[in-house]
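Engineer: Pasting work-v1.json here (JSON, C-alpha atoms):
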[["chain", "number", "residue", "atom", "x", "y", "z"],
["A", 1, "MET", "CA", 16.23, 53.46, -1.66],
["A", 2, "THR", "CA", 18.31, 52.44, -4.64],
["A", 3, "ASP", "CA", 18.00, 49.18, -6.54],
["A", 4, "ALA", "CA", 21.49, 48.24, -5.33],
["A", 5, "THR", "CA", 20.41, 48.57, -1.70],
["A", 6, "ALA", "CA", 17.26, 46.54, -2.39],
["A", 7, "THR", "CA", 19.41, 43.86, -4.03],
["A", 8, "LEU", "CA", 21.68, 43.76, -0.98],
["A", 9, "VAL", "CA", 18.60, 43.32, 1.24],
["A", 10, "LEU", "CA", 17.50, 40.41, -0.98],
["A", 11, "ILE", "CA", 20.95, 38.81, -0.87],
["A", 12, "ALA", "CA", 21.13, 39.21, 2.93],
["A", 13, "ALA", "CA", 17.67, 37.69, 3.41],
["A", 14, "SER", "CA", 18.60, 34.82, 1.10],
["A", 15, "LEU", "CA", 21.83, 34.07, 2.97],
["A", 16, "VAL", "CA", 20.12, 34.25, 6.37],
["A", 17, "GLY", "CA", 17.30, 32.04, 5.10],
["A", 18, "LEU", "CA", 19.71, 29.46, 3.71],
["A", 19, "ALA", "CA", 21.58, 29.41, 7.03],
["A", 20, "LEU", "CA", 18.33, 28.87, 8.96],
["A", 21, "ILE", "CA", 17.11, 25.87, 6.96],
["A", 22, "PRO", "CA", 19.58, 23.30, 8.35],
["A", 23, "LEU", "CA", 18.77, 24.58, 11.84],
["A", 24, "GLY", "CA", 15.16, 23.53, 11.38],
["A", 25, "LEU", "CA", 13.99, 27.14, 11.35],
["A", 26, "PRO", "CA", 11.74, 28.78, 8.71],
["A", 27, "GLY", "CA", 14.50, 29.75, 6.29],
["A", 28, "LEU", "CA", 12.38, 29.31, 3.15],
["A", 29, "TRP", "CA", 9.93, 31.87, 4.49],
["A", 30, "VAL", "CA", 12.74, 34.33, 5.29],
["A", 31, "ILE", "CA", 13.83, 34.06, 1.64],
["A", 32, "VAL", "CA", 10.23, 34.57, 0.48],
["A", 33, "LEU", "CA", 9.92, 37.65, 2.70],
["A", 34, "GLY", "CA", 13.22, 38.94, 1.27],
["A", 35, "ILE", "CA", 11.82, 38.56, -2.26],
["A", 36, "ILE", "CA", 8.60, 40.35, -1.31],
["A", 37, "GLY", "CA", 10.65, 43.08, 0.39],
["A", 38, "TYR", "CA", 12.85, 43.44, -2.68],
["A", 39, "GLY", "CA", 9.77, 43.67, -4.88],
["A", 40, "TRP", "CA", 8.21, 46.30, -2.65],
["A", 41, "LEU", "CA", 11.43, 48.37, -2.53],
["A", 42, "THR", "CA", 11.72, 48.31, -6.34],
["A", 43, "ASP", "CA", 8.01, 48.80, -7.06],
["A", 44, "TYR", "CA", 7.84, 45.22, -8.38],
["A", 45, "ARG", "CA", 9.67, 46.14, -11.59],
["A", 46, "THR", "CA", 11.43, 42.77, -11.88],
["A", 47, "VAL", "CA", 9.33, 40.61, -9.52],
["A", 48, "SER", "CA", 6.09, 39.54, -11.18],
["A", 49, "GLY", "CA", 2.99, 38.08, -9.61],
["A", 50, "VAL", "CA", 3.69, 34.81, -11.41],
["A", 51, "PHE", "CA", 7.20, 34.65, -9.95],
["A", 52, "LEU", "CA", 5.85, 35.33, -6.46],
["A", 53, "ALA", "CA", 3.22, 32.61, -6.89],
["A", 54, "ILE", "CA", 5.89, 30.13, -7.99],
["A", 55, "VAL", "CA", 8.13, 31.05, -5.05],
["A", 56, "LEU", "CA", 5.25, 30.72, -2.58],
["A", 57, "GLY", "CA", 4.30, 27.38, -4.14],
["A", 58, "LEU", "CA", 7.86, 26.07, -3.89],
["A", 59, "ALA", "CA", 8.12, 27.15, -0.24],
["A", 60, "LEU", "CA", 4.85, 25.38, 0.55],
["A", 61, "VAL", "CA", 6.01, 22.25, -1.30],
["A", 62, "GLY", "CA", 9.21, 22.35, 0.77],
["A", 63, "GLU", "CA", 7.23, 22.38, 4.01],
["A", 64, "LEU", "CA", 4.96, 19.55, 2.86],
["A", 65, "LEU", "CA", 7.91, 17.48, 1.68],
["A", 66, "GLU", "CA", 9.60, 17.93, 5.04],
["A", 67, "SER", "CA", 6.66, 16.26, 6.78],
["A", 68, "TRP", "CA", 6.22, 13.58, 4.14],
["A", 69, "VAL", "CA", 9.90, 12.62, 4.01],
["A", 70, "GLY", "CA", 10.07, 12.22, 7.79],
["A", 71, "PHE", "CA", 7.02, 9.96, 7.74],
["A", 72, "ARG", "CA", 8.37, 7.99, 4.79],
["A", 73, "PHE", "CA", 11.78, 7.30, 6.30],
["A", 74, "ALA", "CA", 10.35, 6.31, 9.69],
["A", 75, "ARG", "CA", 8.07, 3.84, 7.90],
["A", 76, "ARG", "CA", 10.81, 2.62, 5.55],
["A", 77, "TYR", "CA", 12.82, 1.61, 8.60],
["A", 78, "GLY", "CA", 9.95, -0.47, 9.96],
["A", 79, "GLY", "CA", 7.98, 2.12, 11.86],
["A", 80, "SER", "CA", 4.22, 2.52, 11.85],
["A", 81, "ARG", "CA", 2.21, 5.65, 11.08],
["A", 82, "ARG", "CA", 2.42, 6.29, 14.77],
["A", 83, "ALA", "CA", 6.23, 6.42, 14.51],
["A", 84, "GLY", "CA", 5.87, 8.98, 11.71],
["A", 85, "TRP", "CA", 3.74, 11.19, 13.94],
["A", 86, "GLY", "CA", 6.22, 10.71, 16.76],
["A", 87, "ALA", "CA", 9.07, 11.79, 14.49],
["A", 88, "LEU", "CA", 7.19, 14.94, 13.46],
["A", 89, "ILE", "CA", 6.08, 15.91, 16.96],
["A", 90, "GLY", "CA", 9.39, 14.94, 18.57],
["A", 91, "GLY", "CA", 11.38, 16.86, 15.97],
["A", 92, "LEU", "CA", 9.36, 20.02, 16.54],
["A", 93, "VAL", "CA", 9.52, 19.75, 20.33],
["A", 94, "GLY", "CA", 13.24, 18.96, 20.22],
["A", 95, "ALA", "CA", 13.98, 21.93, 17.98],
["A", 96, "ILE", "CA", 12.06, 24.25, 20.32],
["A", 97, "VAL", "CA", 13.73, 22.83, 23.45],
["A", 98, "GLY", "CA", 17.15, 23.19, 21.82],
["A", 99, "VAL", "CA", 16.70, 26.87, 20.90],
["A", 100, "PRO", "CA", 18.39, 28.24, 24.07],
["A", 101, "VAL", "CA", 21.65, 26.54, 23.04],
["A", 102, "PRO", "CA", 23.20, 28.93, 20.49],
["A", 103, "ILE", "CA", 23.44, 27.91, 16.83],
["A", 104, "VAL", "CA", 23.39, 24.10, 17.07],
["A", 105, "GLY", "CA", 20.82, 23.60, 19.83],
["A", 106, "SER", "CA", 17.78, 23.47, 17.59],
["A", 107, "VAL", "CA", 19.57, 21.15, 15.14],
["A", 108, "ILE", "CA", 20.62, 18.67, 17.79],
["A", 109, "GLY", "CA", 17.26, 18.99, 19.53],
["A", 110, "GLY", "CA", 15.39, 18.43, 16.27],
["A", 111, "PHE", "CA", 17.33, 15.30, 15.39],
["A", 112, "ALA", "CA", 17.21, 13.91, 18.94],
["A", 113, "GLY", "CA", 13.52, 14.76, 19.25],
["A", 114, "ALA", "CA", 12.72, 13.04, 15.95],
["A", 115, "PHE", "CA", 14.57, 9.92, 17.11],
["A", 116, "VAL", "CA", 12.98, 9.85, 20.55],
["A", 117, "GLY", "CA", 9.51, 10.70, 19.24],
["A", 118, "ALA", "CA", 9.53, 7.98, 16.60],
["A", 119, "ALA", "CA", 11.06, 5.41, 18.96],
["A", 120, "VAL", "CA", 8.67, 6.14, 21.84],
["A", 121, "PHE", "CA", 5.57, 6.21, 19.64],
["A", 122, "GLU", "CA", 6.63, 2.98, 17.93],
["A", 123, "TYR", "CA", 7.52, 1.28, 21.20],
["A", 124, "SER", "CA", 4.17, 2.26, 22.73],
["A", 125, "MET", "CA", 2.49, 0.28, 19.96],
["A", 126, "ALA", "CA", 4.82, -2.60, 19.10],
["A", 127, "ARG", "CA", 6.54, -3.10, 22.49],
["A", 128, "ARG", "CA", 9.75, -4.11, 20.70],
["A", 129, "SER", "CA", 12.84, -2.04, 21.37],
["A", 130, "GLY", "CA", 14.63, -3.11, 18.18],
["A", 131, "ALA", "CA", 11.75, -1.98, 15.97],
["A", 132, "ALA", "CA", 11.47, 1.25, 17.93],
["A", 133, "ALA", "CA", 15.19, 2.01, 17.53],
["A", 134, "ARG", "CA", 15.04, 1.31, 13.77],
["A", 135, "ALA", "CA", 12.03, 3.64, 13.42],
["A", 136, "GLY", "CA", 13.93, 6.30, 15.38],
["A", 137, "TRP", "CA", 16.98, 5.93, 13.13],
["A", 138, "GLY", "CA", 14.73, 6.22, 10.08],
["A", 139, "ALA", "CA", 13.27, 9.44, 11.52],
["A", 140, "VAL", "CA", 16.77, 10.90, 11.93],
["A", 141, "LEU", "CA", 17.66, 10.02, 8.34],
["A", 142, "GLY", "CA", 14.33, 11.44, 7.18],
["A", 143, "ARG", "CA", 15.00, 14.70, 8.99],
["A", 144, "ALA", "CA", 18.42, 14.96, 7.33],
["A", 145, "ALA", "CA", 16.96, 14.20, 3.89],
["A", 146, "ALA", "CA", 14.18, 16.75, 4.43],
["A", 147, "ALA", "CA", 16.73, 19.42, 5.40],
["A", 148, "ALA", "CA", 18.71, 18.66, 2.22],
["A", 149, "ILE", "CA", 15.57, 18.93, 0.08],
["A", 150, "LYS", "CA", 14.55, 22.22, 1.68],
["A", 151, "LEU", "CA", 18.07, 23.58, 1.32],
["A", 152, "ALA", "CA", 18.05, 22.71, -2.40],
["A", 153, "LEU", "CA", 14.66, 24.43, -2.84],
["A", 154, "GLY", "CA", 15.89, 27.45, -0.88],
["A", 155, "LEU", "CA", 18.99, 27.67, -3.03],
["A", 156, "ALA", "CA", 16.93, 27.47, -6.23],
["A", 157, "ILE", "CA", 14.54, 30.17, -4.99],
["A", 158, "ALA", "CA", 17.34, 32.46, -3.80],
["A", 159, "VAL", "CA", 19.47, 32.09, -6.93],
["A", 160, "SER", "CA", 16.52, 32.73, -9.25],
["A", 161, "ALA", "CA", 15.44, 35.80, -7.26],
["A", 162, "ILE", "CA", 18.96, 37.24, -7.15],
["A", 163, "TRP", "CA", 19.38, 36.54, -10.86],
["A", 164, "LEU", "CA", 16.15, 38.46, -11.56],
["A", 165, "ALA", "CA", 17.35, 41.33, -9.38],
["A", 166, "VAL", "CA", 20.78, 41.59, -10.94],
["A", 167, "ARG", "CA", 19.46, 41.10, -14.47],
["A", 168, "GLY", "CA", 16.59, 43.53, -14.05]]
Could you write out this structure as structure tokens?

Structural biologist:
Amino acid sequence: MTDATATLVLIAASLVGLALIPLGLPGLWVIVLGIIGYGWLTDYRTVSGVFLAIVLGLALVGELLESWVGFRFARRYGGSRRAGWGALIGGLVGAIVGVPVPIVGSVIGGFAGAFVGAAVFEYSMARRSGAAARAGWGAVLGRAAAAAIKLALGLAIAVSAIWLAVRG
């Protein structure tokens, strides 16, 4: 396989990964796998172990930030820790339930699940619908902020990997 073909594989994996991130799917890891695949196809001439470690670290940070941001926003809008857990669990369940609906199902399910999870978990503790709705809204905003953060990290990872491939 030529370097040009390997570069096209990297670009394709990067584009697919970037498209998956807003859908709540593991787009960062698709990009990481594309980089590893590119490295393997080119005998790791331009992809160093240090670069791979940095990329893996950034992907892990993206996943951790996604959880933390959701918790933080749910709490910022008056929710308890319980609301944060509800946002996380509800977002995951909603994204899975929404998968059968093509393209936007997991996005809508993830946002709706985060709202419902945070609101239900908060209501089960506080027994106040206004506080529960605010916590749910915070969870939705947190999910949007987390997707933006992960998209920015994915873009940085993809651009740096493609730059290494084209330069190398």

Engineer: Pick from A:Gly62, A:Gly57, A:Gly109, A:Gly37: nearest to Leu153 in chain A, with all atoms listed in the file counted?

Structural biologist: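 Among the listed residues, the smallest separation from Leu153 in chain A belongs to A:Gly62.
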
Engineer: Out of A:Val104, A:Ile11, A:Val50, A:Ala83, which residue has the shortest atom-to-atom distance to Met125 in chain A when counting all atoms listed in the file?

Structural biologist: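 Under the stated criterion, the closest residue is A:Ala83.
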
Engineer: Using only C-alpha atoms, which of the listed residues (A:Trp85, A:Ser48, A:Ala53, A:Ala6) sits closest to Trp68 in chain A?

Structural biologist: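 Of all the options, A:Trp85 lies closest to Trp68 in chain A.
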
Engineer: Kindly give the distance, in Å, that separates CA of Leu60 in chain A and CA of Glu122 in chain A, rounded to a single decimal.

Structural biologist: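 According to the coordinates, CA of Leu60 in chain A and CA of Glu122 in chain A are separated by 28.4 Å.
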
Engineer: Between CA of Ala118 in chain A and CA of Val69 in chain A, what is the distance in Å, rounded to a tenth?

Structural biologist: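 Taking CA of Ala118 in chain A as the start and CA of Val69 in chain A as the end point, the length is 13.4 Å.
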
Engineer: Restricting the calculation to only C-alpha atoms: of A:Ala13, A:Ile149, A:Ala139, A:Leu58, which residue gets closest to Tyr38 in chain A?

Structural biologist: A:Ala13

Engineer: May I ask which of the residues A:Val16, A:Leu8, A:Val55, A:Leu65 is the closest one to Ala145 in chain A, counting all atoms listed in the file?

Structural biologist: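 Closest to Ala145 in chain A, using all atoms listed in the file: A:Leu65.
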
Engineer: One number please: CA of Ala144 in chain A to CA of Gly34 in chain A, in Å, one decimal.

Structural biologist: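 Taking CA of Ala144 in chain A as the start and CA of Gly34 in chain A as the end point, the length is 25.3 Å.
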
Engineer: Between A:Trp29, A:Ser160, A:Val97, A:Thr2, which has the minimum distance to Asp43 in chain A (counting all atoms listed in the file)?

Structural biologist: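 Ranking A:Trp29, A:Ser160, A:Val97, A:Thr2 by distance to Asp43 in chain A, first place goes to A:Thr2.
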
Engineer: Since the input is missing atoms, can you rebuild all heavy atoms for range 19-30 of chain A and write them as a short mmCIF file (atom, residue, chain, number, x, y, z; two decimals), in the coordinates of the input?

Structural biologist:
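The result, stored in result-v9.cif:
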data_model
loop_
_atom_site.label_atom_id
_atom_site.label_comp_id
_atom_site.auth_asym_id
_atom_site.auth_seq_id
_atom_site.Cartn_x
_atom_site.Cartn_y
_atom_site.Cartn_z
N ALA A 19 20.92 29.84 5.79
CA ALA A 19 21.58 29.41 7.03
C ALA A 19 20.57 28.85 8.04
O ALA A 19 20.91 27.97 8.84
CB ALA A 19 22.34 30.59 7.64
N LEU A 20 19.34 29.33 8.01
CA LEU A 20 18.33 28.87 8.96
C LEU A 20 17.76 27.50 8.63
O LEU A 20 17.35 26.76 9.54
CB LEU A 20 17.17 29.88 9.02
CG LEU A 20 17.47 31.24 9.64
CD1 LEU A 20 16.25 32.15 9.54
CD2 LEU A 20 17.91 31.09 11.08
N ILE A 21 17.74 27.13 7.37
CA ILE A 21 17.11 25.87 6.96
C ILE A 21 17.72 24.66 7.66
O ILE A 21 16.98 23.85 8.24
CB ILE A 21 17.12 25.72 5.42
CG1 ILE A 21 16.19 26.75 4.79
CG2 ILE A 21 16.72 24.30 5.01
CD1 ILE A 21 16.29 26.85 3.27
N PRO A 22 19.03 24.48 7.67
CA PRO A 22 19.58 23.30 8.35
C PRO A 22 19.33 23.31 9.86
O PRO A 22 19.38 22.28 10.51
CB PRO A 22 21.09 23.37 8.08
CG PRO A 22 21.24 24.29 6.93
CD PRO A 22 20.08 25.22 6.97
N LEU A 23 19.05 24.48 10.42
CA LEU A 23 18.77 24.58 11.84
C LEU A 23 17.33 24.22 12.18
O LEU A 23 16.92 24.27 13.34
CB LEU A 23 19.07 26.00 12.33
CG LEU A 23 20.50 26.49 12.14
CD1 LEU A 23 20.65 27.94 12.59
CD2 LEU A 23 21.47 25.60 12.88
N GLY A 24 16.55 23.89 11.15
CA GLY A 24 15.16 23.53 11.38
C GLY A 24 14.26 24.74 11.57
O GLY A 24 13.13 24.61 12.05
N LEU A 25 14.75 25.90 11.20
CA LEU A 25 13.99 27.14 11.35
C LEU A 25 13.41 27.54 9.98
O LEU A 25 13.81 27.02 8.95
CB LEU A 25 14.89 28.23 11.92
CG LEU A 25 15.43 27.89 13.32
CD1 LEU A 25 16.49 28.89 13.75
CD2 LEU A 25 14.31 27.82 14.34
N PRO A 26 12.47 28.47 9.96
CA PRO A 26 11.74 28.78 8.71
C PRO A 26 12.54 29.60 7.69
O PRO A 26 12.16 30.70 7.30
CB PRO A 26 10.52 29.54 9.21
CG PRO A 26 10.99 30.20 10.47
CD PRO A 26 11.94 29.21 11.10
N GLY A 27 13.64 29.04 7.23
CA GLY A 27 14.50 29.75 6.29
C GLY A 27 13.86 30.02 4.94
O GLY A 27 14.08 31.08 4.34
N LEU A 28 13.05 29.08 4.44
CA LEU A 28 12.38 29.31 3.15
C LEU A 28 11.50 30.55 3.23
O LEU A 28 11.44 31.34 2.28
CB LEU A 28 11.52 28.11 2.77
CG LEU A 28 12.24 26.87 2.27
CD1 LEU A 28 11.25 25.75 1.98
CD2 LEU A 28 13.07 27.17 1.04
N TRP A 29 10.83 30.72 4.36
CA TRP A 29 9.93 31.87 4.49
C TRP A 29 10.69 33.18 4.66
O TRP A 29 10.21 34.23 4.25
CB TRP A 29 8.94 31.62 5.62
CG TRP A 29 8.14 30.39 5.32
CD1 TRP A 29 8.22 29.18 5.92
CD2 TRP A 29 7.19 30.24 4.25
NE1 TRP A 29 7.38 28.29 5.31
CE2 TRP A 29 6.72 28.90 4.29
CE3 TRP A 29 6.68 31.09 3.28
CZ2 TRP A 29 5.78 28.41 3.39
CZ3 TRP A 29 5.74 30.59 2.39
CH2 TRP A 29 5.30 29.28 2.45
N VAL A 30 11.90 33.13 5.22
CA VAL A 30 12.74 34.33 5.29
C VAL A 30 13.15 34.74 3.87
O VAL A 30 13.12 35.93 3.53
CB VAL A 30 13.98 34.08 6.18
CG1 VAL A 30 14.99 35.23 6.07
CG2 VAL A 30 13.56 33.88 7.63
#
